[in-house]
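Participant: Below is query-v1.cif; it holds mmCIF, C-alpha atoms.
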```cif
data_structure
loop_
_atom_site.label_atom_id
_atom_site.label_comp_id
_atom_site.auth_asym_id
_atom_site.auth_seq_id
_atom_site.Cartn_x
_atom_site.Cartn_y
_atom_site.Cartn_z
CA MET A 1 0.00 0.00 0.00
CA THR A 2 2.88 2.33 0.71
CA GLY A 3 4.12 2.05 -2.86
CA VAL A 4 0.64 2.78 -4.23
CA ASP A 5 0.28 5.80 -1.95
CA ASP A 6 3.68 7.09 -3.00
CA ALA A 7 2.73 6.66 -6.64
CA GLN A 8 -0.54 8.49 -6.13
CA ARG A 9 1.26 11.33 -4.39
CA THR A 10 3.79 11.47 -7.19
CA THR A 11 1.25 11.54 -10.00
CA SER A 12 -1.40 13.75 -8.33
CA PRO A 13 -1.36 17.28 -9.75
CA SER A 14 0.07 19.96 -7.48
CA PRO A 15 -1.53 23.40 -7.29
CA ASP A 16 -0.31 25.68 -10.01
CA PRO A 17 1.52 28.58 -8.29
CA ARG A 18 0.47 30.86 -11.15
CA ILE A 19 -3.17 30.34 -10.19
CA SER A 20 -2.42 31.25 -6.56
CA ARG A 21 -0.58 34.38 -7.64
CA ARG A 22 -3.44 35.31 -9.94
CA LEU A 23 -5.92 35.04 -7.06
CA ILE A 24 -3.74 36.97 -4.59
CA ARG A 25 -2.54 39.75 -6.93
CA PRO A 26 -5.78 41.84 -6.81
CA LEU A 27 -5.53 42.01 -2.99
CA GLN A 28 -1.83 42.92 -2.95
CA PRO A 29 -2.37 46.72 -2.91
CA TYR A 30 -4.59 46.40 0.16
CA ALA A 31 -2.06 44.16 1.94
CA GLU A 32 0.62 46.77 1.29
CA ILE A 33 -1.27 49.71 2.77
CA PHE A 34 -2.14 47.81 5.95
CA ARG A 35 1.53 47.00 6.56
CA ILE A 36 1.90 50.65 7.58
CA PRO A 37 2.17 50.75 11.41
CA GLY A 38 -1.17 51.63 12.98
CA ALA A 39 -3.07 51.70 9.68
CA TRP A 40 -5.40 48.80 10.37
CA ARG A 41 -6.30 50.18 13.79
CA PHE A 42 -7.44 53.63 12.69
CA SER A 43 -9.20 52.17 9.63
CA ALA A 44 -11.07 49.54 11.68
CA ALA A 45 -12.01 52.14 14.30
CA ALA A 46 -13.37 54.41 11.58
CA VAL A 47 -15.51 51.59 10.14
CA ILE A 48 -17.11 51.01 13.56
CA GLY A 49 -17.46 54.72 14.29
CA ARG A 50 -19.23 55.50 11.02
CA MET A 51 -21.76 52.68 11.16
CA PRO A 52 -24.35 55.22 12.42
CA MET A 53 -24.26 57.03 9.06
CA SER A 54 -26.43 54.17 7.74
CA MET A 55 -28.30 53.53 10.99
CA PHE A 56 -29.10 56.78 12.76
CA GLY A 57 -31.58 58.33 10.32
CA LEU A 58 -33.55 55.10 9.82
CA GLY A 59 -33.31 54.35 13.53
CA THR A 60 -34.80 57.76 14.31
CA VAL A 61 -37.73 57.08 12.00
CA LEU A 62 -38.33 53.65 13.55
CA LEU A 63 -38.01 55.03 17.09
CA ILE A 64 -40.53 57.86 16.62
CA ALA A 65 -42.92 55.93 14.38
CA GLY A 66 -42.80 52.84 16.60
CA THR A 67 -43.60 54.91 19.69
CA THR A 68 -46.03 57.49 18.33
CA GLY A 69 -47.26 55.90 15.07
CA ARG A 70 -46.54 59.18 13.19
CA TYR A 71 -44.35 58.38 10.19
CA GLY A 72 -44.58 61.88 8.71
CA MET A 73 -43.17 63.52 11.80
CA ALA A 74 -40.57 60.76 12.14
CA GLY A 75 -39.33 61.43 8.61
CA ALA A 76 -39.23 65.18 9.25
CA VAL A 77 -37.08 64.74 12.37
CA SER A 78 -34.74 62.43 10.47
CA ALA A 79 -34.46 64.96 7.62
CA ALA A 80 -33.69 67.73 10.13
CA GLY A 81 -30.82 65.63 11.47
CA SER A 82 -29.48 65.09 7.93
CA LEU A 83 -29.61 68.81 7.20
CA GLY A 84 -27.90 69.53 10.51
CA TYR A 85 -25.10 67.15 9.52
CA ALA A 86 -24.78 68.73 6.09
CA PHE A 87 -24.59 72.24 7.58
CA SER A 88 -22.10 71.49 10.36
CA THR A 89 -19.71 68.98 8.77
CA PRO A 90 -17.65 71.39 6.60
CA ARG A 91 -17.31 73.81 9.52
CA ILE A 92 -16.28 71.07 11.93
CA SER A 93 -13.83 69.73 9.33
CA ARG A 94 -12.24 73.19 9.08
CA LEU A 95 -11.65 73.05 12.84
CA VAL A 96 -10.21 69.55 12.48
CA ASP A 97 -7.70 70.76 9.89
CA SER A 98 -6.60 73.69 12.05
CA ARG A 99 -6.73 72.16 15.56
CA GLY A 100 -6.36 68.42 15.11
CA GLN A 101 -8.75 65.47 15.00
CA ARG A 102 -8.65 64.45 18.66
CA ARG A 103 -9.19 67.96 20.05
CA VAL A 104 -12.35 68.36 18.00
CA LEU A 105 -13.69 64.80 18.15
CA LEU A 106 -13.92 64.41 21.92
CA PRO A 107 -16.17 67.42 22.68
CA LEU A 108 -18.16 66.73 19.51
CA LEU A 109 -18.78 63.16 20.63
CA ALA A 110 -19.97 64.39 24.04
CA VAL A 111 -22.55 66.67 22.36
CA PHE A 112 -23.71 63.86 20.05
CA THR A 113 -24.13 61.42 22.96
CA LEU A 114 -26.06 63.90 25.11
CA ALA A 115 -28.34 64.88 22.21
CA THR A 116 -29.07 61.22 21.37
CA VAL A 117 -29.95 60.37 24.96
CA THR A 118 -32.20 63.44 25.09
CA LEU A 119 -33.94 62.42 21.85
CA ILE A 120 -34.64 58.90 23.12
CA ALA A 121 -35.94 60.27 26.44
CA ALA A 122 -38.16 62.84 24.71
CA VAL A 123 -39.77 60.19 22.51
CA GLN A 124 -40.24 57.71 25.33
CA LEU A 125 -41.83 60.41 27.51
CA ARG A 126 -43.99 61.57 24.55
CA LEU A 127 -42.99 65.20 24.94
CA PRO A 128 -44.20 67.88 22.47
CA THR A 129 -43.05 67.63 18.85
CA TRP A 130 -40.48 70.44 19.13
CA ALA A 131 -38.73 68.38 21.80
CA PHE A 132 -37.99 65.76 19.11
CA PHE A 133 -36.69 68.22 16.54
CA VAL A 134 -34.18 70.03 18.77
CA PRO A 135 -32.14 67.01 19.97
CA GLY A 136 -32.62 65.26 16.61
CA THR A 137 -31.09 68.20 14.74
CA ILE A 138 -28.26 68.61 17.26
CA ALA A 139 -27.44 64.88 17.18
CA GLY A 140 -27.28 64.95 13.40
CA ALA A 141 -25.10 68.07 13.40
CA ALA A 142 -22.72 66.63 16.00
CA MET A 143 -22.33 63.15 14.51
CA PRO A 144 -18.57 62.71 13.89
CA GLY A 145 -17.70 62.53 10.19
CA LEU A 146 -15.02 59.85 10.43
CA GLY A 147 -15.20 59.04 6.72
CA THR A 148 -13.38 62.24 5.75
CA MET A 149 -11.00 62.07 8.71
CA VAL A 150 -9.84 58.55 7.90
CA ARG A 151 -9.24 59.58 4.28
CA ALA A 152 -7.24 62.57 5.54
CA ARG A 153 -5.02 60.19 7.51
CA TRP A 154 -4.44 58.05 4.44
CA SER A 155 -3.65 61.19 2.42
CA VAL A 156 -0.85 62.10 4.82
CA LEU A 157 0.54 58.58 5.25
CA LEU A 158 0.53 57.87 1.50
CA ALA A 159 1.28 61.35 0.15
CA GLY A 160 2.73 61.02 -3.34
CA SER A 161 2.19 57.25 -3.40
CA SER A 162 0.13 55.36 -5.97
CA ARG A 163 -1.27 53.29 -3.06
CA LEU A 164 -3.47 56.21 -1.97
CA HIS A 165 -5.84 55.03 -4.70
CA ALA A 166 -6.12 51.61 -2.98
CA ALA A 167 -6.66 53.24 0.43
CA PHE A 168 -9.50 55.42 -0.85
CA SER A 169 -10.99 52.38 -2.58
CA PHE A 170 -10.93 50.37 0.63
CA GLU A 171 -12.66 53.15 2.56
CA SER A 172 -15.39 53.39 -0.08
CA VAL A 173 -15.90 49.62 0.19
CA ALA A 174 -16.10 50.05 3.98
CA ASP A 175 -18.81 52.68 3.46
CA GLU A 176 -20.77 50.19 1.38
CA LEU A 177 -20.30 47.53 4.07
CA CYS A 178 -21.90 49.94 6.54
CA PHE A 179 -24.87 50.36 4.21
CA VAL A 180 -25.22 46.58 3.76
CA ILE A 181 -25.18 45.80 7.50
CA GLY A 182 -26.52 48.99 9.12
CA PRO A 183 -30.11 49.25 7.80
CA ALA A 184 -30.82 45.56 8.37
CA ALA A 185 -29.37 45.68 11.89
CA VAL A 186 -31.20 48.83 12.96
CA THR A 187 -34.51 47.54 11.58
CA LEU A 188 -34.12 44.24 13.44
CA LEU A 189 -33.22 45.99 16.70
CA ALA A 190 -36.04 48.56 16.50
CA THR A 191 -38.76 46.10 15.50
CA GLU A 192 -37.79 42.93 17.36
CA VAL A 193 -36.18 44.30 20.54
CA PHE A 194 -37.69 47.74 21.30
CA PRO A 195 -38.01 50.98 19.29
CA ALA A 196 -35.09 52.79 20.96
CA ALA A 197 -32.67 49.88 20.47
CA GLY A 198 -31.72 50.86 16.92
CA VAL A 199 -30.74 54.44 17.74
CA GLY A 200 -29.14 53.35 21.02
CA ILE A 201 -26.85 50.73 19.44
CA ALA A 202 -25.95 53.15 16.64
CA ALA A 203 -24.88 55.70 19.24
CA LEU A 204 -22.83 53.11 21.15
CA LEU A 205 -21.01 52.09 17.96
CA CYS A 206 -20.30 55.76 17.24
CA VAL A 207 -18.93 56.35 20.74
CA GLY A 208 -16.78 53.21 20.79
CA GLY A 209 -15.39 53.62 17.27
CA THR A 210 -14.72 57.35 17.66
CA LEU A 211 -12.91 56.93 20.99
CA TRP A 212 -10.74 54.18 19.48
CA PHE A 213 -10.06 56.32 16.41
CA ALA A 214 -9.13 59.37 18.51
CA ALA A 215 -6.76 57.23 20.58
CA GLN A 216 -4.60 56.50 17.51
CA ARG A 217 -2.33 59.51 18.04
CA GLY A 218 0.61 58.19 16.02
CA THR A 219 -1.22 58.44 12.68
CA GLU A 220 -3.14 61.67 13.36
CA PRO A 221 -2.31 64.44 10.86
CA ALA A 222 -0.61 67.43 12.45
CA PRO A 223 -2.82 70.54 12.70
CA THR A 224 -2.14 73.02 9.91
CA ARG A 225 -2.49 76.53 11.25
CA THR A 226 -2.45 79.63 9.09
CA SER A 227 1.00 80.54 10.36
CA ASN A 228 2.33 77.17 9.18
CA LEU A 229 1.23 77.89 5.63
CA ARG A 230 3.25 81.03 5.00
CA GLY A 231 5.21 80.81 1.85
CA SER A 232 2.71 78.60 0.04
CA ARG A 233 1.53 79.67 -3.38
CA VAL A 234 -1.98 80.36 -2.09
CA SER A 235 -2.50 83.58 -0.16
CA GLY A 236 -3.87 83.49 3.37
CA ALA A 237 -6.95 85.47 2.34
CA ALA A 238 -7.71 83.00 -0.43
CA ARG A 239 -7.33 80.09 1.95
CA VAL A 240 -9.70 81.54 4.49
CA ARG A 241 -12.34 82.98 2.19
CA GLY A 242 -12.11 80.88 -0.97
CA ALA A 243 -13.29 77.36 -1.64
CA PRO A 244 -11.12 74.62 -0.11
CA ALA A 245 -10.79 73.08 -3.61
CA PRO A 246 -11.62 74.56 -7.03
CA GLY A 247 -13.47 71.44 -8.16
CA LEU A 248 -16.11 71.87 -5.45
CA VAL A 249 -18.07 74.26 -7.67
CA VAL A 250 -18.77 71.20 -9.85
CA LEU A 251 -18.58 68.30 -7.40
CA ALA A 252 -20.87 69.77 -4.70
CA PRO A 253 -23.97 69.94 -6.97
CA VAL A 254 -23.00 66.61 -8.56
CA TYR A 255 -22.96 64.89 -5.17
CA LEU A 256 -26.18 66.63 -4.11
CA LEU A 257 -27.92 65.19 -7.18
CA LEU A 258 -26.31 61.81 -6.50
CA GLY A 259 -27.80 61.85 -2.98
CA ALA A 260 -31.25 62.63 -4.41
CA MET A 261 -30.84 59.82 -6.95
CA PHE A 262 -29.74 57.28 -4.33
CA VAL A 263 -32.59 58.00 -1.90
CA SER A 264 -35.10 57.96 -4.76
CA VAL A 265 -33.87 54.50 -5.76
CA ASP A 266 -34.12 53.33 -2.14
CA LEU A 267 -37.68 54.53 -1.55
CA SER A 268 -38.89 53.46 -4.99
CA THR A 269 -37.46 49.98 -4.41
CA VAL A 270 -39.35 49.65 -1.13
CA ALA A 271 -42.59 50.70 -2.88
CA PHE A 272 -41.84 48.44 -5.88
CA ALA A 273 -41.35 45.40 -3.63
CA GLN A 274 -44.53 46.25 -1.74
CA GLN A 275 -46.42 46.48 -5.02
CA PHE A 276 -45.49 42.86 -5.73
CA GLY A 277 -46.43 41.79 -2.19
CA HIS A 278 -42.83 41.21 -1.04
CA LYS A 279 -41.92 44.33 0.93
CA PRO A 280 -39.38 42.50 3.19
CA LEU A 281 -37.32 41.74 0.07
CA ALA A 282 -36.61 45.44 -0.42
CA GLY A 283 -33.79 45.29 2.13
CA PHE A 284 -32.23 42.34 0.32
CA ILE A 285 -32.45 44.10 -3.05
CA LEU A 286 -30.88 47.29 -1.70
CA GLY A 287 -28.22 45.20 0.00
CA THR A 288 -27.46 43.73 -3.41
CA TYR A 289 -27.04 47.28 -4.71
CA ALA A 290 -24.46 48.00 -1.99
CA LEU A 291 -22.79 44.61 -2.56
CA GLY A 292 -22.34 45.45 -6.23
CA SER A 293 -20.77 48.76 -5.24
CA ALA A 294 -18.38 47.05 -2.83
CA THR A 295 -17.38 44.52 -5.51
CA GLY A 296 -16.71 47.29 -8.02
CA GLY A 297 -14.75 49.27 -5.44
CA LEU A 298 -12.42 46.37 -4.57
CA TRP A 299 -11.72 45.69 -8.24
CA TYR A 300 -11.23 49.36 -9.04
CA GLY A 301 -8.80 49.87 -6.17
CA SER A 302 -6.69 46.85 -7.10
CA ARG A 303 -5.71 48.33 -10.47
CA GLN A 304 -3.35 51.10 -11.46
CA TRP A 305 -5.04 53.41 -13.97
CA ARG A 306 -3.47 55.50 -16.71
CA THR A 307 -6.70 57.28 -17.64
CA PRO A 308 -6.95 60.69 -15.90
CA VAL A 309 -9.08 60.56 -12.76
CA ALA A 310 -11.49 63.24 -14.06
CA THR A 311 -12.20 61.14 -17.14
CA ARG A 312 -12.75 58.05 -15.00
CA PHE A 313 -15.13 60.00 -12.76
CA ALA A 314 -17.21 61.16 -15.72
CA LEU A 315 -17.27 57.67 -17.28
CA THR A 316 -18.29 55.75 -14.14
CA LEU A 317 -20.89 58.41 -13.32
CA ALA A 318 -22.39 58.08 -16.81
CA LEU A 319 -22.51 54.27 -16.43
CA THR A 320 -24.21 54.58 -13.03
CA VAL A 321 -26.87 56.91 -14.41
CA THR A 322 -27.41 54.68 -17.44
CA GLY A 323 -28.10 51.73 -15.15
CA VAL A 324 -30.54 53.69 -12.97
CA ALA A 325 -32.39 54.81 -16.11
CA THR A 326 -33.45 51.18 -16.71
CA PHE A 327 -35.02 50.57 -13.29
CA TRP A 328 -38.45 51.94 -14.19
CA ALA A 329 -38.81 49.34 -16.98
CA GLN A 330 -37.98 46.23 -14.92
CA PRO A 331 -40.84 43.71 -15.12
CA ASN A 332 -40.32 42.02 -11.73
CA LEU A 333 -38.14 41.83 -8.64
CA ILE A 334 -35.82 39.17 -10.07
CA THR A 335 -34.73 41.27 -13.04
CA LEU A 336 -34.52 44.36 -10.82
CA THR A 337 -32.16 42.53 -8.44
CA CYS A 338 -29.88 41.46 -11.29
CA VAL A 339 -29.79 44.89 -12.89
CA ILE A 340 -29.36 46.70 -9.58
CA TYR A 341 -26.29 44.59 -8.76
CA LEU A 342 -24.70 45.34 -12.14
CA CYS A 343 -25.52 49.03 -11.76
CA GLY A 344 -23.98 49.04 -8.29
CA LEU A 345 -20.59 47.99 -9.70
CA THR A 346 -19.86 51.57 -10.80
CA ILE A 347 -21.04 53.44 -7.68
CA ALA A 348 -17.95 52.99 -5.49
CA PRO A 349 -15.55 53.78 -8.38
CA THR A 350 -17.48 57.02 -8.95
CA LEU A 351 -17.27 58.04 -5.29
CA ILE A 352 -13.60 57.02 -5.07
CA ALA A 353 -12.74 59.17 -8.09
CA GLY A 354 -14.62 62.13 -6.59
CA PHE A 355 -12.67 61.96 -3.32
CA SER A 356 -9.41 61.52 -5.26
CA LEU A 357 -10.15 64.64 -7.31
CA LEU A 358 -10.73 66.77 -4.24
CA GLU A 359 -7.74 65.34 -2.38
CA ALA A 360 -5.51 66.31 -5.29
CA GLN A 361 -6.98 69.83 -5.57
CA ALA A 362 -7.39 70.68 -1.87
CA GLN A 363 -5.76 73.91 -0.72
CA PRO A 364 -2.98 73.53 1.86
CA GLY A 365 -4.38 72.77 5.29
CA ARG A 366 -7.97 72.26 4.07
CA ARG A 367 -8.00 68.62 2.93
CA THR A 368 -10.55 67.35 5.49
CA GLU A 369 -12.81 70.35 4.89
CA ALA A 370 -12.71 69.84 1.12
CA MET A 371 -13.71 66.19 1.28
CA SER A 372 -16.40 66.85 3.90
CA TRP A 373 -18.31 68.98 1.37
CA LEU A 374 -19.00 65.84 -0.65
CA SER A 375 -20.60 64.15 2.36
CA SER A 376 -22.62 67.29 3.02
CA GLY A 377 -23.77 67.41 -0.60
CA ILE A 378 -25.05 63.85 -0.45
CA SER A 379 -26.80 64.54 2.89
CA VAL A 380 -28.65 67.55 1.48
CA GLY A 381 -29.55 65.57 -1.63
CA VAL A 382 -30.93 62.73 0.49
CA ALA A 383 -33.04 65.12 2.59
CA VAL A 384 -34.43 67.00 -0.42
CA GLY A 385 -34.84 63.92 -2.61
CA ALA A 386 -36.66 61.96 0.08
CA SER A 387 -39.24 64.71 0.59
CA VAL A 388 -39.91 65.05 -3.15
CA VAL A 389 -39.91 61.42 -4.24
CA GLY A 390 -42.19 60.43 -1.37
CA PHE A 391 -44.99 62.55 -2.80
CA ILE A 392 -44.26 61.26 -6.32
CA ILE A 393 -44.52 57.63 -5.21
CA ASP A 394 -47.73 58.29 -3.28
CA ALA A 395 -49.32 59.97 -6.31
CA HIS A 396 -47.96 57.95 -9.24
CA GLY A 397 -46.30 54.78 -7.96
CA PRO A 398 -42.72 53.43 -7.80
CA ARG A 399 -42.03 53.39 -11.56
CA VAL A 400 -42.42 57.17 -11.72
CA GLY A 401 -40.23 57.33 -8.61
CA TYR A 402 -37.54 55.46 -10.54
CA ALA A 403 -38.03 57.90 -13.43
CA PHE A 404 -37.44 60.77 -11.00
CA ALA A 405 -34.25 59.05 -9.84
CA ALA A 406 -33.14 58.78 -13.47
CA GLY A 407 -33.89 62.47 -13.97
CA CYS A 408 -31.68 63.36 -11.01
CA GLY A 409 -28.98 61.14 -12.48
CA VAL A 410 -29.16 62.78 -15.90
CA ALA A 411 -28.93 66.25 -14.32
CA CYS A 412 -25.97 64.99 -12.31
CA ALA A 413 -24.14 63.68 -15.41
CA LEU A 414 -24.81 66.88 -17.37
CA THR A 415 -23.48 69.00 -14.50
CA CYS A 416 -20.33 66.90 -14.43
CA LEU A 417 -19.79 67.16 -18.18
CA ALA A 418 -20.38 70.92 -18.15
CA GLY A 419 -17.71 71.40 -15.49
CA LEU A 420 -15.34 68.60 -16.50
CA ARG A 421 -12.61 71.04 -17.46
CA ARG A 422 -12.47 72.40 -13.91
CA LEU A 423 -11.94 68.89 -12.53
CA ARG A 424 -8.77 68.24 -14.52
CA PRO A 425 -5.65 69.11 -12.48
CA GLU A 426 -3.77 69.86 -15.69
CA ASP A 427 -6.25 72.64 -16.52
CA PRO A 428 -4.41 75.97 -16.09
CA GLU A 429 -7.52 77.39 -14.40
CA VAL A 430 -7.16 74.89 -11.57
CA PRO A 431 -4.37 75.70 -9.08
CA LYS A 432 -2.44 72.66 -7.98
CA GLY A 433 -2.57 72.52 -4.22
#
```
Would you encode the structure as structure tokens?
Facilitator:
Amino acid sequence: MTGVDDAQRTTSPSPDPRISRRLIRPLQPYAEIFRIPGAWRFSAAAVIGRMPMSMFGLGTVLLIAGTTGRYGMAGAVSAAGSLGYAFSTPRISRLVDSRGQRRVLLPLLAVFTLATVTLIAAVQLRLPTWAFFVPGTIAGAAMPGLGTMVRARWSVLLAGSSRLHAAFSFESVADELCFVIGPAAVTLLATEVFPAAGVGIAALLCVGGTLWFAAQRGTEPAPTRTSNLRGSRVSGAARVRGAPAPGLVVLAPVYLLLGAMFVSVDLSTVAFAQQFGHKPLAGFILGTYALGSATGGLWYGSRQWRTPVATRFALTLALTVTGVATFWAQPNLITLTCVIYLCGLTIAPTLIAGFSLLEAQAQPGRRTEAMSWLSSGISVGVAVGASVVGFIIDAHGPRVGYAFAAGCGVACALTCLAGLRRLRPEDPEVPKG
């Protein structure tokens, strides 16, 4: 038997090392960036700390509606929180750039925690409506924007390196992971445990992740005060009063329209699934959308691109809008799920390219502020889009809601094309920061 076994071992095919290398190669850029000391810790902390971005708004709706039965008021409080976040984030990010992440995060986190506890107490005690709006708006405004801060850390650690592209790609995939897990988790907690559980767990994740992130002092970017910037090519007056990046005049409205398009797709999908009698499947379908985005983001970040980033941004944006424009014509949930996954493949690459454009154009000392405007744009778009598309769906049904989403997408693509020249760093009109 020993001879037979030896013969079998001799003749059995061994794994082809070329196949192993082919499977590992796409992940190599990500392995390289996480070899940087401390990188995995601040990145993991930021993933935990920004889970509430996909949980807090929905959790607020479920908390208020589950306790009072008033969905309209619940949606209004959630929208007020989103607008508060959009208004405060660029201003807070400016403080972060000038004073440091830790010095701003700790008091901000204290305000967010107190406001969240007050909101939960106000709802549970069934206080007057204004008592919901005040803490809801403050909690939204004070929610730490770790997504831009973690990208700022990568920008410093990988300045001038081609691996910054992989780092931004990973963070966009992490965002999509939050949107795959967060809505399902907060819905389960609020409906199966008790209404305040969703918001409460979201707040705990924010507190734990933010404290861990702030504790990573070794990778925190040094504050960039005005006095430290003397001698740069941009005057102090321009830094203080001008836009933090020239491309914002194009990217801010583009991201606002993207936010309106995304929320219109979300709400129309819920109504579309309900129309077919399978409303619980809406979460699965939207999770497929985010999964497609995460898949596209991982693939996009594993490659080195020669095409200019502005061209890539315009191309992936056009592909995203083209996919959304087909949703209204889908005959059933099966075809919608397939198409929505394929459409999702281009979302993360679009967002990655947008952040890369602003990172490259940001004025000295205003990197976090510049990137935070994109998050604010999406938040405003979500708040405005949700209020408009809700009435459209009620009056005309989900297919017209999808058509509205496509309209937002077309306007978004046209805005991008009209301002494409301003997004190219080689354009002489765009100062290179």
Participant: With only C-alpha atoms as the basis for distance, which of A:Met143, A:Ile334, A:Ala294, A:Met149 is at the shortest distance from Phe276 (chain A)?
Facilitator: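 The closest residue to Phe276 (chain A) is A:Ile334.
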Participant: Convert the output of the PyMOL selection byres ((chain A and resi 112-124) around 7) on the shown file into explicit residues, formatted as a ChimeraX atom specification.
Facilitator: /A:64,108-111,125-127,131-132,135-136,138-139,142-143,196,203
Participant: Please identify all polymer residues within 8 Å of Leu345 (chain A), counting only C-alpha atoms, omitting same-chain residues fewer than 6 positions from it, and present them as a PyMOL selection string.
Facilitator: chain A and resi 292-297
Participant: List the neighbours of His165 (chain A) out to 12 Å using only C-alpha atoms; skip same-chain residues closer than 4 positions along the sequence, and give me the result as a JSON list (two decimals) with C-alpha atoms, keeping the file's coordinate frame.
Facilitator:
```
[["chain", "number", "residue", "atom", "x", "y", "z"],
["A", 29, "PRO", "CA", -2.37, 46.72, -2.91],
["A", 30, "TYR", "CA", -4.59, 46.40, 0.16],
["A", 33, "ILE", "CA", -1.27, 49.71, 2.77],
["A", 151, "ARG", "CA", -9.24, 59.58, 4.28],
["A", 154, "TRP", "CA", -4.44, 58.05, 4.44],
["A", 155, "SER", "CA", -3.65, 61.19, 2.42],
["A", 158, "LEU", "CA", 0.53, 57.87, 1.50],
["A", 159, "ALA", "CA", 1.28, 61.35, 0.15],
["A", 160, "GLY", "CA", 2.73, 61.02, -3.34],
["A", 161, "SER", "CA", 2.19, 57.25, -3.40],
["A", 169, "SER", "CA", -10.99, 52.38, -2.58],
["A", 170, "PHE", "CA", -10.93, 50.37, 0.63],
["A", 171, "GLU", "CA", -12.66, 53.15, 2.56],
["A", 172, "SER", "CA", -15.39, 53.39, -0.08],
["A", 297, "GLY", "CA", -14.75, 49.27, -5.44],
["A", 298, "LEU", "CA", -12.42, 46.37, -4.57],
["A", 299, "TRP", "CA", -11.72, 45.69, -8.24],
["A", 300, "TYR", "CA", -11.23, 49.36, -9.04],
["A", 301, "GLY", "CA", -8.80, 49.87, -6.17],
["A", 302, "SER", "CA", -6.69, 46.85, -7.10],
["A", 303, "ARG", "CA", -5.71, 48.33, -10.47],
["A", 304, "GLN", "CA", -3.35, 51.10, -11.46],
["A", 305, "TRP", "CA", -5.04, 53.41, -13.97],
["A", 309, "VAL", "CA", -9.08, 60.56, -12.76],
["A", 349, "PRO", "CA", -15.55, 53.78, -8.38],
["A", 351, "LEU", "CA", -17.27, 58.04, -5.29],
["A", 352, "ILE", "CA", -13.60, 57.02, -5.07],
["A", 353, "ALA", "CA", -12.74, 59.17, -8.09],
["A", 354, "GLY", "CA", -14.62, 62.13, -6.59],
["A", 355, "PHE", "CA", -12.67, 61.96, -3.32],
["A", 356, "SER", "CA", -9.41, 61.52, -5.26],
["A", 357, "LEU", "CA", -10.15, 64.64, -7.31],
["A", 359, "GLU", "CA", -7.74, 65.34, -2.38],
["A", 360, "ALA", "CA", -5.51, 66.31, -5.29]]
```
Participant: Compare A:Ala395, A:Leu204, A:Phe34, A:Ala348 by their minimum atom-to-atom distance to Thr320 (chain A), counting only C-alpha atoms, and give me the closest one.
Facilitator: A:Ala348
Participant: I'd like to see the residues matched by the PyMOL selection byres ((chain A and resi 250-254) around 8) on this file, and ideally I'd get them as a list of chain:residue names.
Facilitator: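 Against this file, the PyMOL selection byres ((chain A and resi 250-254) around 8) returns the residues A:Gly247, A:Leu248, A:Val249, A:Tyr255, A:Leu256, A:Leu257, A:Leu258, A:Gly354, A:Trp373, A:Leu374, A:Gly377, A:Cys412, A:Ala413, A:Thr415, A:Cys416, A:Gly419, A:Leu420, A:Arg422, A:Leu423.
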Participant: Could you state the separation of CA of Thr148 (chain A) and CA of Ala383 (chain A) in Å, given to one decimal place?
Facilitator: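 Computed distance, CA of Thr148 (chain A) to CA of Ala383 (chain A), equals 20.1 Å.
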Participant: Restricting the calculation to only C-alpha atoms, which member of A:Val321, A:Arg94, A:Thr60, A:Trp328 is positioned closest to Thr137 (chain A)?
Facilitator: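 The shortest atom-to-atom distance to Thr137 (chain A) comes from A:Thr60.
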Participant: For the point (-37.0, 68.4, 14.9) in the file's frame, write as an NGL selection string all residues with an atom no more than 9 Å away, counting only C-alpha atoms.
Facilitator: :A and (73-74 or 76-81 or 129-137)
Participant: Residues of the last selection are to be written out with C-alpha atoms, as a PDB file, in the frame of the given file.
Facilitator:
```pdb
ATOM      1  CA  MET A  73     -43.170  63.520  11.800  1.00  0.00           C
ATOM      2  CA  ALA A  74     -40.570  60.760  12.140  1.00  0.00           C
ATOM      3  CA  ALA A  76     -39.230  65.180   9.250  1.00  0.00           C
ATOM      4  CA  VAL A  77     -37.080  64.740  12.370  1.00  0.00           C
ATOM      5  CA  SER A  78     -34.740  62.430  10.470  1.00  0.00           C
ATOM      6  CA  ALA A  79     -34.460  64.960   7.620  1.00  0.00           C
ATOM      7  CA  ALA A  80     -33.690  67.730  10.130  1.00  0.00           C
ATOM      8  CA  GLY A  81     -30.820  65.630  11.470  1.00  0.00           C
ATOM      9  CA  THR A 129     -43.050  67.630  18.850  1.00  0.00           C
ATOM     10  CA  TRP A 130     -40.480  70.440  19.130  1.00  0.00           C
ATOM     11  CA  ALA A 131     -38.730  68.380  21.800  1.00  0.00           C
ATOM     12  CA  PHE A 132     -37.990  65.760  19.110  1.00  0.00           C
ATOM     13  CA  PHE A 133     -36.690  68.220  16.540  1.00  0.00           C
ATOM     14  CA  VAL A 134     -34.180  70.030  18.770  1.00  0.00           C
ATOM     15  CA  PRO A 135     -32.140  67.010  19.970  1.00  0.00           C
ATOM     16  CA  GLY A 136     -32.620  65.260  16.610  1.00  0.00           C
ATOM     17  CA  THR A 137     -31.090  68.200  14.740  1.00  0.00           C
TER      18      THR A 137
END
```
Participant: Translate the PyMOL selection byres ((chain A and resi 270) around 9) into a concrete residue list for this structure, as JSON, numbers by chain.
Facilitator: {"A": [265, 266, 267, 268, 269, 271, 272, 273, 274, 275, 279, 280, 281, 282, 283, 286, 398]}
Participant: Which value, in Å to one decimal, gives the distance between CA of Ile92 (chain A) and CA of Val380 (chain A)?
Facilitator: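 Between CA of Ile92 (chain A) and CA of Val380 (chain A) the gap is 16.6 Å.
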Participant: Can you tell me how far CA of Ala152 (chain A) sits from CA of Pro221 (chain A), in Å to one decimal?
Facilitator: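 About the pair CA of Ala152 (chain A) and CA of Pro221 (chain A): they are 7.5 Å apart.
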